[in-house]
Structure formats: structure tokens, C-alpha cells
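**Q** Can you keep this structure in mind? I'll have questions shortly.
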Amino acid sequence: MLRSLADRGHAVHAVGTALDALRRVAAETPDLVVLDLGLPDLDGSDALRMLRGITDVPIIIATARDDEQSVVRLLRAGADDYMVKPFTGAHLDARITTVLRRAGRASRTVQPAVHEVGGLRMDVGERSAHLDGEPLALTRKEFDLLAYLAARPGRVVSRRELLEEVWRQPSVGEDQTIDVHLYWLRRKMGESAAKPRYLRTVRGVGFRLVAPD
């Protein structure tokens, strides 16, 4: 895999343990991390959460786990994409290119600004979010999603638009990705789909962010 990616123009640095990966990422801030879940020192899911604690760079998971529950857990923990083994170097290269493109474009879906909706305050330039004066601990993609909605208060935003503008990917078969991120946003904002305050679902259409009544 290293040779294949290097032959395709990537500068690749490999480490063999989760702790070495954490040290390397903290010191050098790579453009992207490919994280194998089969690590000798830590479970890959724990390593993912620890990486998300120190960086917001895109992370692609390499895993033999292909069941839906595992996929949802990985996305919820902050993965940007995942690949089920075995896969080719060409396939991985294509996924890397796509994830990097999405990450770059998603950061431009909102202009640097401060958006305030009720007690929610999103500072896009500083990438900080506060609700009723308290900070919200959001993953990179959770922040991008909430900021996109906050920049359009009251407007219904379709699933297709969110996938194309925030995730920068085709809008077919990826509803689960949005639902996972919205679920955790609602949890962190102290609400639920059954009892919404800010994040409202418009059945069959999409979502909108509004100030509470």
C-alpha cells in the first residue's frame, strides 16, 4: 500500500502503533490519516477518538468490519470515510482524493462569519460553537453541518443539498451519514428528534435550524 500510494504521488509516512500515530499527527499535522483498526496497542475505535481529540484532519478507516453497527459507530466517532478490506491501492488513492476534495470544499460552503440563532453562536472563522454561552464540543463534520444550517436560519435544507455542499459527494444512498451526525448534534445540544428545539426535521424534504419558541 505504501509503495502504491507513493507511486501515485503521495508523501506517505507509516507508523505501527496508535501511540506512534498520535505523536506523529500531533507533531506534523498531515493532510489525511488512513487508520487501520487492527492495531497492536489500542483498539482502532479508541485510536480514532483519541486522534479526533487532537486534530480535525480527514480520517479514512481501513477495516475488515463491514456490519452496519460498526460503520455507524465509526462515523459517529469522527471518521470521514471507511474502506472494507481487501482493497487495491488504486481504490484507496481514489478515496483519498475524494475525501481531500470534500474537506477543502466543505470549508468554503460558509463564509468566515459569526452566525447567531437564538442562543446558538457559531464563529466560522474560529471554528467555535456556543449554546447559551456554553461551548459545544463538535467534530469537524458536525461543525460544518451546523454552521451550514446556521448560515441559513429558517430555511429548509434538503438532504441532497447537505450531501453535495457539506459532504461534497453524490446524494444517493448516504442518508445514514446525515442521520448519524444530526443525532449526535441533537444530543450535544440537549434535544432530540421527538422534542426538537433548534434542529427541525421537515418530513420528506430535509432540515432547518430555527430559534426556539
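Going through the C-alpha cells in order, the chains are called A, B, and so on, while each chain numbers its residues from 1 and the ligands are numbered from 1 in the order shown.
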Looking only at strand (DSSP E or B) from DSSP on the backbone, list the matching residues of chain A as number ranges by chain.
**A** A: 33-36, 59-63, 81-84, 114-117, 120-123, 128-131, 134-135, 157-158, 199-202, 206-209
**Q** Fewer than 5 positions away in the same chain doesn't count, so skip those; otherwise give me all residues within 12 Å of Glu134 in chain A, counting only C-alpha atoms, as a PyMOL selection string.
**A** chain A and resi 119-122+128-129+188-190
**Q** Report as a list in words all protein, DNA and RNA residues lying within 12 Å of Glu68 in chain A, evaluated on only C-alpha atoms, omitting residues in the same chain fewer than 4 positions from it.
**A**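 Counting only the stated atoms, we get Val72, Arg73, Leu74, Leu75, Tyr82, Val84, Gln176, Thr177 and Val180 of chain A.
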**Q** Could you take the residues named above and write them with N, CA and C atoms, as a JSON list (two decimals), in the first residue's frame?
**A**
[["chain", "number", "residue", "atom", "x", "y", "z"],
["A", 72, "VAL", "N", -21.67, 2.72, 11.57],
["A", 72, "VAL", "CA", -22.30, 3.85, 12.25],
["A", 72, "VAL", "C", -21.44, 4.33, 13.41],
["A", 73, "ARG", "N", -20.88, 3.39, 14.17],
["A", 73, "ARG", "CA", -20.04, 3.76, 15.31],
["A", 73, "ARG", "C", -18.80, 4.53, 14.86],
["A", 74, "LEU", "N", -18.21, 4.11, 13.76],
["A", 74, "LEU", "CA", -17.02, 4.79, 13.25],
["A", 74, "LEU", "C", -17.35, 6.19, 12.76],
["A", 75, "LEU", "N", -18.45, 6.35, 12.03],
["A", 75, "LEU", "CA", -18.85, 7.67, 11.57],
["A", 75, "LEU", "C", -19.17, 8.58, 12.75],
["A", 82, "TYR", "N", -14.67, 5.20, 5.18],
["A", 82, "TYR", "CA", -14.14, 3.90, 5.59],
["A", 82, "TYR", "C", -14.02, 3.01, 4.37],
["A", 84, "VAL", "N", -13.51, -1.24, 3.39],
["A", 84, "VAL", "CA", -13.51, -2.61, 3.88],
["A", 84, "VAL", "C", -12.45, -3.42, 3.13],
["A", 176, "GLN", "N", -27.84, 7.75, 5.84],
["A", 176, "GLN", "CA", -27.36, 7.33, 7.14],
["A", 176, "GLN", "C", -26.30, 8.28, 7.67],
["A", 177, "THR", "N", -25.44, 8.78, 6.79],
["A", 177, "THR", "CA", -24.38, 9.70, 7.21],
["A", 177, "THR", "C", -24.98, 10.95, 7.86],
["A", 180, "VAL", "N", -26.73, 10.12, 11.31],
["A", 180, "VAL", "CA", -25.79, 9.89, 12.41],
["A", 180, "VAL", "C", -25.28, 11.21, 12.96]]
**Q** Between A:Ala90, A:Ala150, A:Ala193, A:Ile61, which has the minimum distance to Asp7 in chain A (counting only C-alpha atoms)?
**A**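 Among the listed residues, A:Ala90 lies closest to Asp7 in chain A.
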**Q** Please provide as a PyMOL selection string all residues within 8 Å of Pro153 in chain A, with the sequence filter that same-chain residues fewer than 3 positions apart are discarded (counting only C-alpha atoms).
**A** chain A and resi 117+149-150+208-210
**Q** With N, CA, C and O atoms kept, could you save the residues just selected as a PDB file, in the first residue's frame?
**A**
ATOM      1  N   VAL A 117     -28.292  32.228  16.130  1.00  0.00           N
ATOM      2  CA  VAL A 117     -29.687  31.811  16.017  1.00  0.00           C
ATOM      3  C   VAL A 117     -30.159  31.480  17.424  1.00  0.00           C
ATOM      4  O   VAL A 117     -29.738  30.475  18.005  1.00  0.00           O
ATOM      5  N   LEU A 149     -26.253  25.050   8.344  1.00  0.00           N
ATOM      6  CA  LEU A 149     -27.653  25.322   8.685  1.00  0.00           C
ATOM      7  C   LEU A 149     -27.814  26.680   9.366  1.00  0.00           C
ATOM      8  O   LEU A 149     -28.769  27.414   9.100  1.00  0.00           O
ATOM      9  N   ALA A 150     -26.857  27.037  10.239  1.00  0.00           N
ATOM     10  CA  ALA A 150     -26.941  28.308  10.957  1.00  0.00           C
ATOM     11  C   ALA A 150     -26.813  29.500  10.023  1.00  0.00           C
ATOM     12  O   ALA A 150     -27.328  30.580  10.299  1.00  0.00           O
ATOM     13  N   ARG A 208     -34.218  22.136   8.952  1.00  0.00           N
ATOM     14  CA  ARG A 208     -33.994  23.573   9.117  1.00  0.00           C
ATOM     15  C   ARG A 208     -33.611  23.866  10.542  1.00  0.00           C
ATOM     16  O   ARG A 208     -33.954  23.132  11.466  1.00  0.00           O
ATOM     17  N   LEU A 209     -32.859  24.947  10.712  1.00  0.00           N
ATOM     18  CA  LEU A 209     -32.444  25.377  12.035  1.00  0.00           C
ATOM     19  C   LEU A 209     -33.188  26.661  12.372  1.00  0.00           C
ATOM     20  O   LEU A 209     -33.149  27.632  11.596  1.00  0.00           O
ATOM     21  N   VAL A 210     -33.855  26.676  13.525  1.00  0.00           N
ATOM     22  CA  VAL A 210     -34.642  27.837  13.937  1.00  0.00           C
ATOM     23  C   VAL A 210     -34.357  28.149  15.389  1.00  0.00           C
ATOM     24  O   VAL A 210     -33.883  27.300  16.151  1.00  0.00           O
TER      25      VAL A 210
END
**Q** Just asking: which residues within range 75-180 of chain A are helix (DSSP H, G or I) according to DSSP, as a ChimeraX atom specification?
**A** /A:75-76,89-106,140-150,159-167,175-180
**Q** Neighbouring residues of Asp46 in chain A were defined as those with any atom within 12 Å, considering only C-alpha atoms; residues of the same chain fewer than 6 positions away were excluded. Please report them as a ChimeraX atom specification.
**A** /A:18-19,22,35-39,52-53,73-74,77-79
**Q** Of the candidates A:Arg95, A:Lys85, A:Arg101, A:Arg155, which one gets nearest to Thr201 in chain A if we count only C-alpha atoms?
**A**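 Of all the options, A:Arg155 lies closest to Thr201 in chain A.
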**Q** Taking only C-alpha atoms into account, which of A:Ser158, A:Ile178, A:Trp167, A:Leu145 comes nearest Arg203 in chain A?
**A**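 For Arg203 in chain A, the nearest of the given residues is A:Ser158.
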**Q** Which residues come within 7 Å of Gly118 in chain A, counting only C-alpha atoms, excluding same-chain residues fewer than 2 positions away, as an MDAnalysis selection string?
**A** chainID A and resid 116 120 211:212
**Q** For the selection just defined, write its residues with C-alpha atoms to a file, as a PDB file, in the first residue's frame.
**A**
ATOM      1  CA  GLU A 116     -26.370  33.635  15.803  1.00  0.00           C
ATOM      2  CA  LEU A 120     -26.634  29.386  19.376  1.00  0.00           C
ATOM      3  CA  ALA A 211     -34.562  29.734  17.209  1.00  0.00           C
ATOM      4  CA  PRO A 212     -36.625  28.051  19.937  1.00  0.00           C
TER       5      PRO A 212
END
**Q** Which of these, A:Asp31, A:Gly89, A:Ile60, A:Thr17, has the shortest distance to Asp43 in chain A once you count only C-alpha atoms?
**A**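 Under the stated criterion, the closest residue is A:Thr17.
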